[in-house]
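Visitor: Please see the structure below; I have some questions.
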Amino acid sequence: MSKNLVSGASPWGLAWEKFFFYFMGLRKGELRKDVEIMRKQYPDDDADQLARRIVNAQAPLSLAGGALLQLPWLLPRASPVLKLLGISTGASVMVILNMTMLLQVALVYGYDIDDRARLKEIFAIVAASGLAGGASALPHLARLQPGYKALAGGAAVTAASQLLGEAAIRYYRRAVEESSVQAASV
């Protein structure tokens with residue numbers, strides 16, 4: 001069952017697809033395989049339960065990624081270039097994690113991840129992940145010890161990723177429900 005959330009001609013070309021799926025490291029086959037493994041592991045779960053398992057499985061990775069975003073700030077003598085490199089690397093990891101989560105949730109609800117409509121959704125996740133990465137800077141506003149800043153930054157990124165996951169679940173579930181209602185009324 002393949003669903004398309006966005007209809008009409010797509011301005012997204014092959015270059016965008018290559019950017020998100022090759023440069024950013026997303027492998028569609030691996031995503032499909034991971035979702036199938038989850039379905040076999042939890043055969044009695046409905047789509048909502050399975051999607052929440054995917055979102056919750058990302059929590060430890062988000063915590064670690066958010067804490068790693070703090071690592072450059074723990075090195076006060078590091079050059080600004082090294083700090084920027086560390087932050088951009090950590091942010092890239094978080095973007096990939098969130099894009100992976102979004103596509104796996106889409107698969108759970110029966111969406112075709114080869115459909116170009118997913119590119120628009122991924123672009124929204126990239127923007128939201130940037131905001132989530134910004135949440136990791138919040139501990140710098142407080143006067144915390146460096147170790148506590150890393151923990152607080154990790155918790156902030158974890159919370160933001162969980163919110164993104166819940167938003168993806170509501171988004172795909174609502175679209176499935178709307179298409180079911182439309183199909184029933186025809």
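Each chain in the structure tokens gets a letter, A, B and so on, in the order shown; residues start at 1 in every chain, and ligands are counted from 1 in the order they appear.
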Please identify all polymer residues within 8 Å of stretch 94-107 of chain A, counting only C-alpha atoms, omitting same-chain residues fewer than 2 positions from it, and present them as a ChimeraX atom specification.

Guide: /A:24-26,31-32,35,51,54-55,58,62,65-66,90-92,109-113,118,122,125-126,129-130,133,161,164-165,168-169,172

Visitor: Selected residues, C-alpha atoms, written as a tab-separated table (two decimals), in the first residue's frame, please.

Guide:
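Below is the file that was written, result.tsv:
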chain	number	residue	atom	x	y	z
A	24	MET	CA	23.30	12.32	4.27
A	25	GLY	CA	23.76	8.57	4.49
A	26	LEU	CA	20.19	7.33	4.39
A	31	LEU	CA	15.31	1.41	6.63
A	32	ARG	CA	12.87	-1.09	5.14
A	35	VAL	CA	11.04	-1.82	10.00
A	51	ALA	CA	5.97	3.74	15.44
A	54	ILE	CA	10.89	3.32	16.71
A	55	VAL	CA	10.73	6.78	18.27
A	58	GLN	CA	16.08	6.61	19.20
A	62	SER	CA	19.55	11.34	20.84
A	65	GLY	CA	24.22	12.88	20.28
A	66	GLY	CA	22.99	15.83	22.30
A	90	GLY	CA	27.10	16.46	16.04
A	91	ALA	CA	24.27	18.34	14.36
A	92	SER	CA	24.70	16.26	11.18
A	109	TYR	CA	2.06	3.66	8.21
A	110	GLY	CA	2.45	2.24	4.71
A	111	TYR	CA	4.03	5.18	2.91
A	112	ASP	CA	6.38	4.71	-0.01
A	113	ILE	CA	9.73	6.19	0.96
A	118	ARG	CA	9.07	12.27	1.44
A	122	ILE	CA	12.64	15.30	5.22
A	125	ILE	CA	12.80	17.43	9.62
A	126	VAL	CA	16.13	19.03	8.71
A	129	SER	CA	16.47	19.20	13.72
A	130	GLY	CA	18.29	22.50	13.47
A	133	GLY	CA	20.20	21.18	17.92
A	161	SER	CA	13.63	14.29	18.95
A	164	LEU	CA	9.54	15.25	16.29
A	165	GLY	CA	8.73	11.54	16.47
A	168	ALA	CA	5.52	12.33	12.65
A	169	ILE	CA	3.21	9.71	14.16
A	172	TYR	CA	1.13	9.99	9.12
